[in-house]
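Input: a single structure, listed below in structure tokens.
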Amino acid sequence: MKGSNRCFVDSMAQVSCQKPLSDEWFDSPCIYEENYVRAQEPDTKGLIIPSEARRMSKILKRAVCTAITALNNSGITQPDAIVTGTGMGCMENSEKFLMDLCRYGEQCLKPTLFMQSTHNTISSLIAIILKCHGYNNTYSHKGISFESSLLDAWIQMKGGMIRNALVGAHDEVTPFMDLVMERTHPEYSLVSEASVSMILTNAKSDRNICEVEDVRLVHRPDYSEFAGLLDKDEDDILMLGINGNNLNNAPYETLTRTLSFNPLILRYKNIFGDNFSSSALGFYAAARILENQRIPEHMMWSRGSDPVNERINNITILNQSDDTDWSLVRLKRI
């Protein structure tokens, strides 16, 4: 979709198994040997009122912390839209509610656990805290939930319907969910958690980190046709969701073999792990690379046939969910 309006990333914040609300991972990442690692919890002081924080689950505190941090860094207090992606929603509260239902029946259930267990709780809570009455939507499309929310905000911005948006992706993996995912997602390697918030705006300014040039979702693509969307000049650097597991890597390898050129390939799951919102961390990492104009060695997977230019102009993020749904996101240096 082309339009006269542009879409820029103004600010971002992340909570993951790396140091929260920080970019230390860029030069000094935490390295894990385990197959399952929970996120490092952010310091909520100054971001969430203590009395409110006590009533929030981990995923809600992470989402609010990243959202408030991104807003503070952007200078925007009231976004025109809040769009959130989450594969599983508030699993911790869902588990507690179901366990109470098993123990006590329907007589003594806590309504708070039920009200804060739905997928759209995250986006709604952020809106309540910000007193934001604008467009509010949540997408739950497994591994492309983040890209679905990004596409929604991007289309509205390109069409001139909104000036800015708070876009987020949040997923938690409880110990019980880790056991389930071992059986249902054998393609995962390091299972972890993610909470990413970003401010998108159509205004060009000194705050801009990069430009979101293109966002596409494709259902069951033909590999040759999908490869035809990629161009040597625009897509010479690819950020892929490869994790070292052959079950996960096979679709990416099939696609890259179909390309008519040999791009430089980057990875991010080796430091951020796997979950339904991990592609948002790939977006986050790609944007930071464009901002810093250098690629950390620990993110290199394949160097390609051509040397990397002194200036990194574009990074294309490709993500697949069950080899059924694919996404393409192009980021461009300002």
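Residues in the structure tokens are numbered from 1 in each chain, the chains being A, B, ... in the order shown, and ligands are numbered from 1 in the order shown.
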Quick one: residues within 10 Å of Asp274 of chain A, only C-alpha atoms counted, chain neighbours fewer than 5 positions away excluded, as number ranges by chain?
-> A: 35-37, 143, 173, 187-194, 241-243, 268-269, 279, 281
Would you put the residues from that selection into a file with N, CA, C and O atoms, as a compact mmCIF listing (two decimals), in the first residue's frame?
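Written out: again_1.txt:
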```txt
# COMPACT_ATOMS: atom_id res chain seq x y z
N ASN A 35 16.40 -24.29 28.38
CA ASN A 35 15.43 -24.30 27.29
C ASN A 35 14.23 -23.41 27.57
O ASN A 35 13.41 -23.17 26.68
N TYR A 36 14.12 -22.93 28.82
CA TYR A 36 12.98 -22.09 29.21
C TYR A 36 13.47 -21.04 30.20
O TYR A 36 14.05 -21.37 31.25
N VAL A 37 13.26 -19.78 29.86
CA VAL A 37 13.68 -18.67 30.72
C VAL A 37 12.56 -17.63 30.75
O VAL A 37 12.08 -17.20 29.68
N GLY A 143 1.55 -16.68 15.91
CA GLY A 143 2.87 -16.11 15.72
C GLY A 143 2.94 -14.86 14.88
O GLY A 143 4.02 -14.26 14.75
N VAL A 173 4.82 -16.80 29.23
CA VAL A 173 4.86 -18.27 29.20
C VAL A 173 5.07 -18.76 30.63
O VAL A 173 6.18 -18.69 31.16
N GLU A 187 9.18 -27.12 17.51
CA GLU A 187 10.11 -26.31 16.70
C GLU A 187 10.77 -25.20 17.51
O GLU A 187 11.74 -24.58 17.05
N TYR A 188 10.28 -24.96 18.73
CA TYR A 188 10.88 -23.92 19.56
C TYR A 188 12.20 -24.40 20.15
O TYR A 188 12.41 -25.60 20.36
N SER A 189 13.09 -23.48 20.44
CA SER A 189 14.38 -23.80 21.01
C SER A 189 14.46 -23.26 22.43
O SER A 189 14.23 -23.97 23.40
N LEU A 190 14.75 -21.98 22.57
CA LEU A 190 14.73 -21.30 23.87
C LEU A 190 13.37 -20.64 24.03
O LEU A 190 13.06 -19.67 23.34
N VAL A 191 12.54 -21.16 24.93
CA VAL A 191 11.22 -20.58 25.17
C VAL A 191 11.35 -19.47 26.20
O VAL A 191 11.92 -19.67 27.26
N SER A 192 10.82 -18.29 25.87
CA SER A 192 10.89 -17.17 26.80
C SER A 192 9.64 -16.30 26.63
O SER A 192 8.63 -16.75 26.09
N GLU A 193 9.73 -15.05 27.10
CA GLU A 193 8.58 -14.16 27.10
C GLU A 193 8.95 -12.83 26.44
O GLU A 193 10.13 -12.51 26.30
N ALA A 194 7.94 -12.07 26.05
CA ALA A 194 8.21 -10.81 25.36
C ALA A 194 7.14 -9.78 25.66
O ALA A 194 5.95 -10.11 25.78
N GLY A 241 13.49 -15.44 11.79
CA GLY A 241 13.20 -16.06 13.08
C GLY A 241 13.83 -17.42 13.23
O GLY A 241 13.22 -18.34 13.79
N ILE A 242 15.06 -17.58 12.76
CA ILE A 242 15.76 -18.85 12.88
C ILE A 242 16.27 -19.03 14.31
O ILE A 242 16.65 -18.08 14.97
N ASN A 243 16.25 -20.30 14.78
CA ASN A 243 16.64 -20.54 16.17
C ASN A 243 17.57 -21.74 16.35
O ASN A 243 17.83 -22.16 17.47
N TYR A 268 17.69 -13.31 15.91
CA TYR A 268 17.42 -12.66 17.19
C TYR A 268 16.94 -13.62 18.26
O TYR A 268 17.03 -13.35 19.45
N LYS A 269 16.43 -14.78 17.86
CA LYS A 269 15.88 -15.71 18.83
C LYS A 269 16.95 -16.36 19.70
O LYS A 269 16.64 -16.90 20.76
N SER A 279 8.56 -12.09 17.30
CA SER A 279 8.88 -11.32 16.10
C SER A 279 8.90 -9.82 16.37
O SER A 279 9.57 -9.06 15.67
N LEU A 281 10.30 -8.56 18.93
CA LEU A 281 11.68 -8.33 19.37
C LEU A 281 12.63 -8.32 18.17
O LEU A 281 13.65 -7.63 18.18
```
DSSP says helix (DSSP H, G or I) for which residues of segment 32-276 of chain A? Put them as a ChimeraX atom specification?
-> /A:50-53,58-74,91-104,111-115,121-130,142-158,175-184,223-227,246-258,269-272
Could you pull the residues within 12 Å of segment 124-134 of chain A, counting only C-alpha atoms, minus those fewer than 4 positions along the same chain, as a ChimeraX atom specification?
-> /A:47-49,52-53,55-57,59-68,71-72,76-84,115-120,138,161-168,197
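Distances to Ser123 of chain A were evaluated for A:Thr86, A:Ser145, A:Ser94, A:Ser327 using only C-alpha atoms, and the minimum falls at A:Thr86.
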Please report, as a PyMOL selection string, each residue of segment 75-112 of chain A to which DSSP assigns strand (DSSP E or B) when run on this structure's backbone.
-> chain A and resi 81-85
Any chance you can output those residues with N, CA, C and O atoms as a PDB file, in the first residue's frame?
```
ATOM      1  N   ALA A  81      -4.371   5.919  18.635  1.00  0.00           N
ATOM      2  CA  ALA A  81      -4.821   4.526  18.601  1.00  0.00           C
ATOM      3  C   ALA A  81      -3.913   3.663  19.478  1.00  0.00           C
ATOM      4  O   ALA A  81      -2.719   3.952  19.623  1.00  0.00           O
ATOM      5  N   ILE A  82      -4.484   2.620  20.044  1.00  0.00           N
ATOM      6  CA  ILE A  82      -3.727   1.605  20.786  1.00  0.00           C
ATOM      7  C   ILE A  82      -4.051   0.269  20.135  1.00  0.00           C
ATOM      8  O   ILE A  82      -5.198  -0.177  20.139  1.00  0.00           O
ATOM      9  N   VAL A  83      -3.035  -0.359  19.550  1.00  0.00           N
ATOM     10  CA  VAL A  83      -3.237  -1.626  18.847  1.00  0.00           C
ATOM     11  C   VAL A  83      -2.257  -2.644  19.416  1.00  0.00           C
ATOM     12  O   VAL A  83      -1.051  -2.406  19.450  1.00  0.00           O
ATOM     13  N   THR A  84      -2.788  -3.780  19.861  1.00  0.00           N
ATOM     14  CA  THR A  84      -1.981  -4.765  20.576  1.00  0.00           C
ATOM     15  C   THR A  84      -2.078  -6.131  19.921  1.00  0.00           C
ATOM     16  O   THR A  84      -3.150  -6.538  19.462  1.00  0.00           O
ATOM     17  N   GLY A  85      -0.955  -6.839  19.894  1.00  0.00           N
ATOM     18  CA  GLY A  85      -0.935  -8.221  19.444  1.00  0.00           C
ATOM     19  C   GLY A  85      -0.526  -9.129  20.588  1.00  0.00           C
ATOM     20  O   GLY A  85       0.394  -8.815  21.347  1.00  0.00           O
TER      21      GLY A  85
END
```
Closest to Leu151 of chain A among A:Asp27, A:Glu213, A:Asp100, A:Asp206, using only C-alpha atoms?
-> A:Glu213
Determine, counting only C-alpha atoms, which protein, DNA and RNA residues have an atom within 9 Å of an atom of Lys19 of chain A; residues of the same chain fewer than 2 positions away are not included. Present the result as a VMD selection string.
-> chain A and resid 14 to 17 21 to 25 29 to 30 39 to 42
Please produce a file of the residues just selected, as an mmCIF file, in the first residue's frame, where the atoms kept are N, CA and C atoms.
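out.cif, freshly written:
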```cif
data_model
loop_
_atom_site.group_PDB
_atom_site.id
_atom_site.type_symbol
_atom_site.label_atom_id
_atom_site.label_comp_id
_atom_site.auth_asym_id
_atom_site.auth_seq_id
_atom_site.Cartn_x
_atom_site.Cartn_y
_atom_site.Cartn_z
ATOM 1 N N GLN A 14 11.326 -2.505 25.577
ATOM 2 C CA GLN A 14 11.170 -3.960 25.612
ATOM 3 C C GLN A 14 11.385 -4.525 27.001
ATOM 4 N N VAL A 15 10.651 -5.600 27.281
ATOM 5 C CA VAL A 15 10.906 -6.451 28.443
ATOM 6 C C VAL A 15 11.011 -7.868 27.905
ATOM 7 N N SER A 16 12.089 -8.544 28.245
ATOM 8 C CA SER A 16 12.335 -9.892 27.736
ATOM 9 C C SER A 16 13.281 -10.603 28.693
ATOM 10 N N CYS A 17 13.903 -11.676 28.232
ATOM 11 C CA CYS A 17 14.896 -12.353 29.072
ATOM 12 C C CYS A 17 16.208 -11.580 29.104
ATOM 13 N N LEU A 21 13.799 -2.784 29.690
ATOM 14 C CA LEU A 21 13.816 -1.344 29.426
ATOM 15 C C LEU A 21 15.246 -0.855 29.187
ATOM 16 N N SER A 22 16.016 -1.677 28.500
ATOM 17 C CA SER A 22 17.433 -1.404 28.285
ATOM 18 C C SER A 22 17.863 -1.969 26.945
ATOM 19 N N ASP A 23 18.984 -1.474 26.433
ATOM 20 C CA ASP A 23 19.556 -2.011 25.197
ATOM 21 C C ASP A 23 20.946 -2.597 25.432
ATOM 22 N N GLU A 24 21.193 -3.070 26.646
ATOM 23 C CA GLU A 24 22.480 -3.706 26.940
ATOM 24 C C GLU A 24 22.693 -4.961 26.104
ATOM 25 N N TRP A 25 21.584 -5.599 25.673
ATOM 26 C CA TRP A 25 21.676 -6.803 24.858
ATOM 27 C C TRP A 25 22.441 -6.554 23.562
ATOM 28 N N PRO A 29 24.786 -9.240 25.626
ATOM 29 C CA PRO A 29 23.549 -9.991 25.877
ATOM 30 C C PRO A 29 23.707 -11.020 26.984
ATOM 31 N N CYS A 30 22.603 -11.304 27.672
ATOM 32 C CA CYS A 30 22.578 -12.419 28.623
ATOM 33 C C CYS A 30 22.495 -13.712 27.806
ATOM 34 N N ALA A 39 10.962 -13.805 31.612
ATOM 35 C CA ALA A 39 11.463 -12.452 31.396
ATOM 36 C C ALA A 39 12.020 -11.875 32.686
ATOM 37 N N GLN A 40 12.954 -10.951 32.541
ATOM 38 C CA GLN A 40 13.450 -10.197 33.693
ATOM 39 C C GLN A 40 12.446 -9.074 33.967
ATOM 40 N N GLU A 41 11.990 -8.990 35.199
ATOM 41 C CA GLU A 41 10.917 -8.036 35.522
ATOM 42 C C GLU A 41 11.439 -6.603 35.600
ATOM 43 N N PRO A 42 10.690 -5.655 35.044
ATOM 44 C CA PRO A 42 11.109 -4.247 35.084
ATOM 45 C C PRO A 42 10.804 -3.619 36.444
#
```
Hey, can you check how far atom CA of Val329 of chain A sits from atom CA of Gln18 of chain A?
->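 Computing it gives 23.4 Å between the two atoms.
Nearest-residue note for Lys142 of chain A: choosing from A:Tyr32, A:Trp326, A:Phe261, A:Trp154, the minimum distance belongs to A:Trp326, counting only C-alpha atoms.
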